[in-house]
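File shown: data.tsv (TSV, C-alpha atoms).
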chain	number	residue	atom	x	y	z
A	1	MET	CA	7.49	-22.02	17.35
A	2	LEU	CA	6.62	-20.47	14.01
A	3	HIS	CA	5.34	-16.89	14.09
A	4	THR	CA	3.48	-15.37	11.17
A	5	VAL	CA	2.94	-11.62	10.72
A	6	ASN	CA	0.50	-10.29	8.10
A	7	LYS	CA	0.42	-6.56	8.91
A	8	SER	CA	2.63	-3.74	7.62
A	9	PRO	CA	5.19	-2.68	10.26
A	10	PHE	CA	4.45	0.95	9.37
A	11	GLU	CA	0.78	0.63	10.27
A	12	ARG	CA	0.65	-1.81	13.19
A	13	ASN	CA	3.08	-2.94	15.86
A	14	ALA	CA	2.51	-6.68	15.21
A	15	LEU	CA	6.03	-7.22	13.80
A	16	GLU	CA	7.66	-5.21	16.57
A	17	ARG	CA	5.84	-7.20	19.27
A	18	CYS	CA	6.54	-10.49	17.49
A	19	LEU	CA	10.28	-9.67	17.34
A	20	GLN	CA	10.23	-9.00	21.08
A	21	TYR	CA	8.47	-12.28	21.85
A	22	ALA	CA	10.19	-14.64	19.41
A	23	LYS	CA	12.62	-16.85	21.31
A	24	LYS	CA	16.07	-17.73	20.04
A	25	GLY	CA	15.84	-20.44	17.38
A	26	SER	CA	12.24	-19.74	16.43
A	27	ALA	CA	11.05	-18.78	12.96
A	28	ILE	CA	9.09	-15.79	11.68
A	29	LEU	CA	7.25	-15.89	8.35
A	30	LEU	CA	6.16	-12.56	6.88
A	31	ILE	CA	3.04	-12.78	4.71
A	32	GLU	CA	0.55	-10.40	3.03
A	33	ASP	CA	1.29	-6.76	4.07
A	34	GLY	CA	3.76	-8.22	6.58
A	35	VAL	CA	6.28	-8.59	3.72
A	36	TYR	CA	6.96	-4.83	3.86
A	37	GLY	CA	8.90	-5.71	7.02
A	38	ALA	CA	11.33	-7.83	4.97
A	39	LEU	CA	12.72	-4.98	2.87
A	40	LYS	CA	16.06	-3.21	2.67
A	41	GLY	CA	16.49	0.51	3.32
A	42	THR	CA	13.33	1.14	5.33
A	43	ALA	CA	12.74	2.64	8.77
A	44	VAL	CA	12.37	-0.88	10.25
A	45	THR	CA	15.22	-2.65	8.43
A	46	ASP	CA	17.74	-2.32	11.27
A	47	LYS	CA	15.35	-3.78	13.82
A	48	VAL	CA	14.68	-6.82	11.60
A	49	LYS	CA	18.40	-7.33	10.82
A	50	LYS	CA	19.17	-7.31	14.53
A	51	ALA	CA	16.50	-9.97	15.18
A	52	MET	CA	17.99	-12.17	12.44
A	53	LYS	CA	20.93	-12.96	14.73
A	54	ASN	CA	18.59	-15.06	16.89
A	55	VAL	CA	15.64	-16.07	14.74
A	56	SER	CA	15.17	-17.26	11.15
A	57	ILE	CA	13.08	-14.89	9.08
A	58	TYR	CA	11.16	-15.98	6.00
A	59	ALA	CA	8.92	-14.05	3.59
A	60	LEU	CA	6.27	-15.36	1.22
A	61	TYR	CA	7.54	-14.52	-2.27
A	62	PRO	CA	4.14	-14.37	-4.02
A	63	ASP	CA	3.18	-11.54	-1.64
A	64	ILE	CA	6.47	-9.72	-2.30
A	65	GLU	CA	6.00	-10.05	-6.05
A	66	ALA	CA	2.36	-8.88	-5.93
A	67	ARG	CA	3.51	-5.66	-4.26
A	68	GLY	CA	6.34	-4.98	-6.70
A	69	MET	CA	8.98	-5.47	-4.01
A	70	GLN	CA	11.11	-8.05	-5.86
A	71	ASP	CA	14.89	-7.68	-5.28
A	72	ARG	CA	14.32	-5.54	-2.18
A	73	ALA	CA	14.37	-8.27	0.47
A	74	ILE	CA	17.06	-8.02	3.16
A	75	ASP	CA	19.95	-10.44	2.48
A	76	GLY	CA	19.51	-13.49	4.66
A	77	ILE	CA	15.73	-13.47	4.66
A	78	ARG	CA	14.63	-16.69	3.01
A	79	LEU	CA	11.93	-16.39	0.37
A	80	VAL	CA	9.40	-19.21	0.26
A	81	ASP	CA	6.46	-20.18	-1.92
A	82	TYR	CA	3.17	-21.71	-0.71
A	83	GLY	CA	4.79	-25.16	-0.49
A	84	GLY	CA	7.51	-23.65	1.70
A	85	PHE	CA	4.82	-22.10	3.92
A	86	VAL	CA	3.29	-25.57	4.44
A	87	ASP	CA	6.73	-27.05	5.20
A	88	LEU	CA	7.39	-24.39	7.86
A	89	VAL	CA	4.07	-25.12	9.54
A	90	ALA	CA	4.80	-28.86	9.46
A	91	GLU	CA	8.33	-28.41	10.84
A	92	HIS	CA	7.25	-26.47	13.91
A	93	ARG	CA	5.38	-27.78	16.92
A	94	ASN	CA	3.05	-24.77	17.05
A	95	VAL	CA	2.19	-21.55	15.21
A	96	HIS	CA	1.45	-18.07	16.50
A	97	SER	CA	-0.34	-15.90	13.92
A	98	TRP	CA	0.11	-12.28	14.96
A	99	LEU	CA	-2.80	-10.23	13.58
B	1	MET	CA	-37.97	14.69	-17.31
B	2	SER	CA	-34.63	15.03	-18.92
B	3	GLU	CA	-33.14	12.45	-21.25
B	4	THR	CA	-29.54	13.18	-20.38
B	5	THR	CA	-29.87	12.73	-16.62
B	6	GLY	CA	-31.75	9.46	-16.84
B	7	GLY	CA	-35.02	10.97	-15.66
B	8	VAL	CA	-33.54	12.82	-12.68
B	9	GLU	CA	-34.40	16.51	-12.63
B	10	MET	CA	-31.24	18.57	-12.23
B	11	ASP	CA	-31.25	22.13	-10.89
B	12	GLU	CA	-29.35	24.03	-13.57
B	13	ASP	CA	-27.73	26.32	-11.01
B	14	VAL	CA	-26.25	23.36	-9.16
B	15	SER	CA	-25.34	20.92	-11.93
B	16	GLY	CA	-22.42	23.03	-13.15
B	17	VAL	CA	-20.70	23.42	-9.78
B	18	VAL	CA	-17.16	22.10	-9.71
B	19	LYS	CA	-15.74	21.31	-6.30
B	20	LYS	CA	-12.22	20.49	-5.25
B	21	PHE	CA	-12.15	16.82	-4.23
B	22	LEU	CA	-9.14	15.34	-2.46
B	23	TYR	CA	-8.66	11.60	-2.06
B	24	VAL	CA	-6.26	10.61	0.71
B	25	ASN	CA	-4.73	7.14	0.30
B	26	ARG	CA	-3.00	5.67	3.36
B	27	LYS	CA	-3.27	1.89	2.89
B	28	ALA	CA	-1.05	-0.60	1.11
B	29	PRO	CA	-2.62	-2.40	-1.86
B	30	TYR	CA	-3.99	-5.99	-1.59
B	31	GLY	CA	-3.78	-6.46	2.21
B	32	THR	CA	-7.10	-4.63	2.50
B	33	ILE	CA	-9.70	-3.49	-0.04
B	34	TYR	CA	-9.25	0.27	0.68
B	35	ALA	CA	-6.84	1.05	-2.16
B	36	LEU	CA	-9.06	-0.51	-4.82
B	37	GLU	CA	-12.22	1.07	-3.39
B	38	SER	CA	-10.57	4.51	-3.40
B	39	LEU	CA	-9.70	4.11	-7.06
B	40	GLU	CA	-13.33	3.24	-7.88
B	41	VAL	CA	-14.61	6.37	-6.13
B	42	VAL	CA	-11.97	8.56	-7.77
B	43	LEU	CA	-13.23	7.45	-11.19
B	44	ILE	CA	-16.80	8.36	-10.19
B	45	ALA	CA	-15.76	11.92	-9.30
B	46	ALA	CA	-13.92	12.15	-12.61
B	47	ALA	CA	-17.11	11.13	-14.46
B	48	PHE	CA	-18.81	14.17	-12.88
B	49	ASP	CA	-16.02	16.49	-14.12
B	50	GLN	CA	-14.89	17.51	-10.66
B	51	ASP	CA	-11.51	18.99	-9.71
B	52	VAL	CA	-9.79	15.88	-8.39
B	53	SER	CA	-6.49	15.51	-6.55
B	54	LEU	CA	-4.99	12.34	-5.07
B	55	VAL	CA	-2.52	12.20	-2.23
B	56	PHE	CA	-0.55	9.20	-1.04
B	57	LEU	CA	0.63	9.05	2.55
B	58	ASP	CA	2.07	6.34	4.80
B	59	ASP	CA	1.61	2.84	3.30
B	60	GLY	CA	-0.51	4.43	0.55
B	61	VAL	CA	2.71	5.16	-1.33
B	62	TYR	CA	3.05	1.40	-1.93
B	63	GLN	CA	-0.02	1.58	-4.20
B	64	LEU	CA	2.15	3.31	-6.79
B	65	ALA	CA	5.10	0.89	-6.68
B	66	LYS	CA	6.40	-0.33	-10.04
B	67	GLY	CA	6.53	-4.02	-10.94
B	68	GLN	CA	3.44	-5.37	-9.21
B	69	HIS	CA	2.69	-8.95	-10.32
B	70	THR	CA	-0.36	-10.44	-8.65
B	71	LYS	CA	-0.92	-13.69	-10.57
B	72	THR	CA	0.40	-15.86	-7.73
B	73	ILE	CA	-1.91	-14.30	-5.12
B	74	ASP	CA	-4.85	-14.55	-7.52
B	75	VAL	CA	-6.10	-10.97	-7.23
B	76	LYS	CA	-6.44	-8.23	-9.86
B	77	ASN	CA	-3.37	-6.04	-10.32
B	78	PHE	CA	-5.00	-2.60	-10.37
B	79	SER	CA	-1.76	-0.59	-10.47
B	80	PRO	CA	-1.98	0.09	-14.25
B	81	THR	CA	-5.17	2.07	-13.51
B	82	TYR	CA	-3.08	4.85	-11.93
B	83	ARG	CA	-1.41	5.33	-15.30
B	84	ALA	CA	-4.84	5.60	-16.97
B	85	LEU	CA	-6.03	8.41	-14.66
B	86	GLU	CA	-4.46	10.96	-16.99
B	87	GLY	CA	-7.08	9.98	-19.58
B	88	TYR	CA	-9.80	11.03	-17.12
B	89	ASP	CA	-8.11	14.42	-16.61
B	90	ILE	CA	-6.83	13.40	-13.20
B	91	GLU	CA	-3.29	14.70	-13.25
B	92	LYS	CA	-2.77	15.99	-9.72
B	93	LEU	CA	-1.02	13.20	-7.81
B	94	TYR	CA	0.92	14.07	-4.67
B	95	VAL	CA	3.16	11.86	-2.57
B	96	GLU	CA	4.37	12.73	0.91
B	97	LYS	CA	8.16	12.94	0.93
B	98	GLU	CA	8.57	11.59	4.47
B	99	SER	CA	6.43	8.49	3.76
B	100	LEU	CA	8.40	7.61	0.64
B	101	GLU	CA	11.76	8.05	2.37
B	102	ALA	CA	10.78	5.95	5.41
B	103	ARG	CA	10.17	3.07	2.98
B	104	GLY	CA	13.46	3.41	1.13
B	105	LEU	CA	11.69	4.44	-2.09
B	106	THR	CA	12.18	7.29	-4.56
B	107	THR	CA	9.94	8.70	-7.30
B	108	GLU	CA	11.94	6.48	-9.70
B	109	ASP	CA	10.25	3.48	-8.06
B	110	LEU	CA	6.74	4.76	-8.87
B	111	ILE	CA	4.66	3.92	-11.95
B	112	VAL	CA	3.38	7.47	-12.50
B	113	PRO	CA	4.87	10.97	-12.32
B	114	VAL	CA	3.96	12.58	-9.00
B	115	THR	CA	4.60	15.79	-7.11
B	116	LEU	CA	6.61	15.18	-3.95
B	117	LEU	CA	5.49	17.32	-1.01
B	118	PRO	CA	6.73	17.55	2.58
B	119	ALA	CA	4.01	16.97	5.20
B	120	ALA	CA	3.68	20.66	6.05
B	121	GLU	CA	2.89	21.53	2.42
B	122	MET	CA	0.55	18.55	2.17
B	123	ALA	CA	-1.42	20.02	5.08
B	124	GLU	CA	-1.79	23.28	3.14
B	125	LEU	CA	-3.04	21.36	0.10
B	126	MET	CA	-5.63	19.56	2.24
B	127	ASP	CA	-6.76	22.81	3.81
B	128	GLY	CA	-7.63	24.26	0.42
B	129	GLN	CA	-10.11	21.50	-0.55
B	130	ASP	CA	-13.92	21.50	-0.57
B	131	VAL	CA	-14.25	17.75	0.04
B	132	VAL	CA	-11.69	15.37	1.55
B	133	LEU	CA	-12.24	11.60	1.36
B	134	SER	CA	-9.80	9.39	3.24
B	135	PHE	CA	-9.11	5.73	2.51
Reformat the file's structure so that it appears as structure tokens.
Amino acid sequence: MLHTVNKSPFERNALERCLQYAKKGSAILLIEDGVYGALKGTAVTDKVKKAMKNVSIYALYPDIEARGMQDRAIDGIRLVDYGGFVDLVAEHRNVHSWL
Amino acid sequence: MSETTGGVEMDEDVSGVVKKFLYVNRKAPYGTIYALESLEVVLIAAAFDQDVSLVFLDDGVYQLAKGQHTKTIDVKNFSPTYRALEGYDIEKLYVEKESLEARGLTTEDLIVPVTLLPAAEMAELMDGQDVVLSF
């Protein structure tokens, strides 16, 4: 399953709940304000790093760039463009969009 | 009828009143319209020569992040407007220390000079205002 999260982890618990529900081997794509969950040195960084042992985490680069957060992504989080977003959707049997 | 007020009669005793307006910004830019709307309203208050202060709390601190490039998401990058506020005599910008630190940011990462205040002092600042508008 592919999970997408579009809310800031500092404002909503969507990312936190998604990390709890994502099964081993699934993928999480952070988009829109969700990309703030992909950054180094924040209050949620450790939680995300821990989850990366079991799930693949991606972030939509155009949303990172729009917010001025270039070069701040956690090492190991894969940055994708819109084409990469489409590929992820196509590669997975189903998608859960956490709102 | 007065020419200068576009036909609206102004009470001379009231027209010169300057109030302390505080704009509280707590939302990240782009994900919602709040940040841009706040900026629009701030500029209105400035046009009426009011005493304006802006504070940035929680995800609102992201509004001031350097290096925003919005071409690929096809929305207007309004971050340069914060730098232009000085030209409207809006020079009181405050950022909550705790919010900035929780996001791994420092004042070096912001596009404008700001005063960093701990939450307790921010509460004092809010208490001293005539009007508080929260976005």
*By how many Å are CA of Arg93 (chain A) and CA of Glu65 (chain A) apart?*
29.0 Å
*Among listed residues B:Val17, B:Leu105, B:Ile90, B:Leu43, nearest Tyr36 (chain A) (using all atoms listed in the file)*: B:Leu105
*Given a cut-off of 9 Å, which residues of chain A touch chain B, counting only C-alpha atoms, written out as number ranges by chain?*
A: 6-8, 10-11, 32-34, 36, 39-44, 62-70
*Just give me the gap between CA of Leu93 (chain B) and CA of Gly16 (chain B) in Å, one decimal is fine.*
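The value is 24.1 Å.
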_Nearby residues (only C-alpha atoms) at most 10 Å from Gln129 (chain B), same-chain spacing under 6 positions excluded, as a PyMOL selection string_ = chain B and resi 19-22+51-53
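For the atom pair formed by CA of Val5 (chain A) and CA of His96 (chain A), the distance is 8.8 Å, given to one decimal.
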_Expected residue set, 6 Å radius at (16.7, -18.7, 18.1), only C-alpha atoms, as a PyMOL selection string_ = chain A and resi 23-26+54-55
With C-alpha atoms retained, write the just-selected residues as an mmCIF file, in the coordinates of the input.
data_model
loop_
_atom_site.group_PDB
_atom_site.id
_atom_site.type_symbol
_atom_site.label_atom_id
_atom_site.label_comp_id
_atom_site.auth_asym_id
_atom_site.auth_seq_id
_atom_site.Cartn_x
_atom_site.Cartn_y
_atom_site.Cartn_z
ATOM 1 C CA LYS A 23 12.620 -16.850 21.310
ATOM 2 C CA LYS A 24 16.070 -17.730 20.040
ATOM 3 C CA GLY A 25 15.840 -20.440 17.380
ATOM 4 C CA SER A 26 12.240 -19.740 16.430
ATOM 5 C CA ASN A 54 18.590 -15.060 16.890
ATOM 6 C CA VAL A 55 15.640 -16.070 14.740
#
*asked:* Applying 12 Å and only C-alpha atoms, which residues near Gln20 (chain A) remain after dropping the ones on its own chain fewer than 5 positions away? List them as a ChimeraX atom specification.
replied: /A:3,13-15,26,28,47-48,50-51,54-55
*asked:* Just want the 8 Å neighbourhood of Val95 (chain A), counted on only C-alpha atoms, with same-chain residues fewer than 6 positions away dropped. Output as a PyMOL selection string.
replied: chain A and resi 1-4+89
_Residue nearest Phe78 (chain B) - candidates B:Met122, B:Ala45, B:Ile111, B:Leu57, atoms counted: all atoms listed in the file_ = B:Ile111
_When you count only C-alpha atoms, which of these residues is closest to Val86 (chain A): A:Ala38, A:Arg12, A:Asp46, A:Leu60?_
A:Leu60
Pull region 94-111 of chain B out of the block and emit N, CA and C atoms, as a PDB file, in the first residue's frame.
ATOM      1  N   TYR B  94       7.799  39.520  15.212  1.00  0.00           N
ATOM      2  CA  TYR B  94       8.240  38.685  16.326  1.00  0.00           C
ATOM      3  C   TYR B  94       8.054  37.213  15.993  1.00  0.00           C
ATOM      4  N   VAL B  95       9.041  36.417  16.363  1.00  0.00           N
ATOM      5  CA  VAL B  95       8.956  34.972  16.137  1.00  0.00           C
ATOM      6  C   VAL B  95       9.109  34.267  17.476  1.00  0.00           C
ATOM      7  N   GLU B  96       8.250  33.274  17.706  1.00  0.00           N
ATOM      8  CA  GLU B  96       8.352  32.529  18.967  1.00  0.00           C
ATOM      9  C   GLU B  96       9.549  31.577  18.916  1.00  0.00           C
ATOM     10  N   LYS B  97      10.393  31.713  19.919  1.00  0.00           N
ATOM     11  CA  LYS B  97      11.631  30.935  20.004  1.00  0.00           C
ATOM     12  C   LYS B  97      11.369  29.424  19.977  1.00  0.00           C
ATOM     13  N   GLU B  98      10.405  28.981  20.759  1.00  0.00           N
ATOM     14  CA  GLU B  98      10.120  27.543  20.864  1.00  0.00           C
ATOM     15  C   GLU B  98       9.678  26.964  19.507  1.00  0.00           C
ATOM     16  N   SER B  99       8.865  27.715  18.769  1.00  0.00           N
ATOM     17  CA  SER B  99       8.365  27.226  17.476  1.00  0.00           C
ATOM     18  C   SER B  99       9.501  27.054  16.473  1.00  0.00           C
ATOM     19  N   LEU B 100      10.411  28.025  16.473  1.00  0.00           N
ATOM     20  CA  LEU B 100      11.543  27.987  15.539  1.00  0.00           C
ATOM     21  C   LEU B 100      12.448  26.791  15.866  1.00  0.00           C
ATOM     22  N   GLU B 101      12.726  26.617  17.152  1.00  0.00           N
ATOM     23  CA  GLU B 101      13.630  25.540  17.575  1.00  0.00           C
ATOM     24  C   GLU B 101      13.045  24.155  17.297  1.00  0.00           C
ATOM     25  N   ALA B 102      11.732  23.996  17.488  1.00  0.00           N
ATOM     26  CA  ALA B 102      11.097  22.687  17.251  1.00  0.00           C
ATOM     27  C   ALA B 102      11.217  22.279  15.787  1.00  0.00           C
ATOM     28  N   ARG B 103      11.434  23.265  14.907  1.00  0.00           N
ATOM     29  CA  ARG B 103      11.530  22.987  13.475  1.00  0.00           C
ATOM     30  C   ARG B 103      12.964  23.002  12.970  1.00  0.00           C
ATOM     31  N   GLY B 104      13.908  23.036  13.898  1.00  0.00           N
ATOM     32  CA  GLY B 104      15.319  22.984  13.514  1.00  0.00           C
ATOM     33  C   GLY B 104      15.783  24.203  12.751  1.00  0.00           C
ATOM     34  N   LEU B 105      15.114  25.355  12.973  1.00  0.00           N
ATOM     35  CA  LEU B 105      15.472  26.576  12.246  1.00  0.00           C
ATOM     36  C   LEU B 105      16.084  27.604  13.190  1.00  0.00           C
ATOM     37  N   THR B 106      16.829  28.556  12.605  1.00  0.00           N
ATOM     38  CA  THR B 106      17.355  29.686  13.368  1.00  0.00           C
ATOM     39  C   THR B 106      16.967  30.968  12.620  1.00  0.00           C
ATOM     40  N   THR B 107      17.231  32.112  13.234  1.00  0.00           N
ATOM     41  CA  THR B 107      16.892  33.382  12.568  1.00  0.00           C
ATOM     42  C   THR B 107      17.686  33.548  11.264  1.00  0.00           C
ATOM     43  N   GLU B 108      18.812  32.846  11.163  1.00  0.00           N
ATOM     44  CA  GLU B 108      19.624  32.864   9.928  1.00  0.00           C
ATOM     45  C   GLU B 108      18.845  32.297   8.736  1.00  0.00           C
ATOM     46  N   ASP B 109      17.873  31.436   9.026  1.00  0.00           N
ATOM     47  CA  ASP B 109      17.104  30.783   7.961  1.00  0.00           C
ATOM     48  C   ASP B 109      15.920  31.635   7.506  1.00  0.00           C
ATOM     49  N   LEU B 110      15.743  32.816   8.104  1.00  0.00           N
ATOM     50  CA  LEU B 110      14.573  33.641   7.795  1.00  0.00           C
ATOM     51  C   LEU B 110      14.926  34.797   6.856  1.00  0.00           C
ATOM     52  N   ILE B 111      13.955  35.199   6.028  1.00  0.00           N
ATOM     53  CA  ILE B 111      14.234  36.219   5.001  1.00  0.00           C
ATOM     54  C   ILE B 111      14.225  37.650   5.521  1.00  0.00           C
TER      55      ILE B 111
END
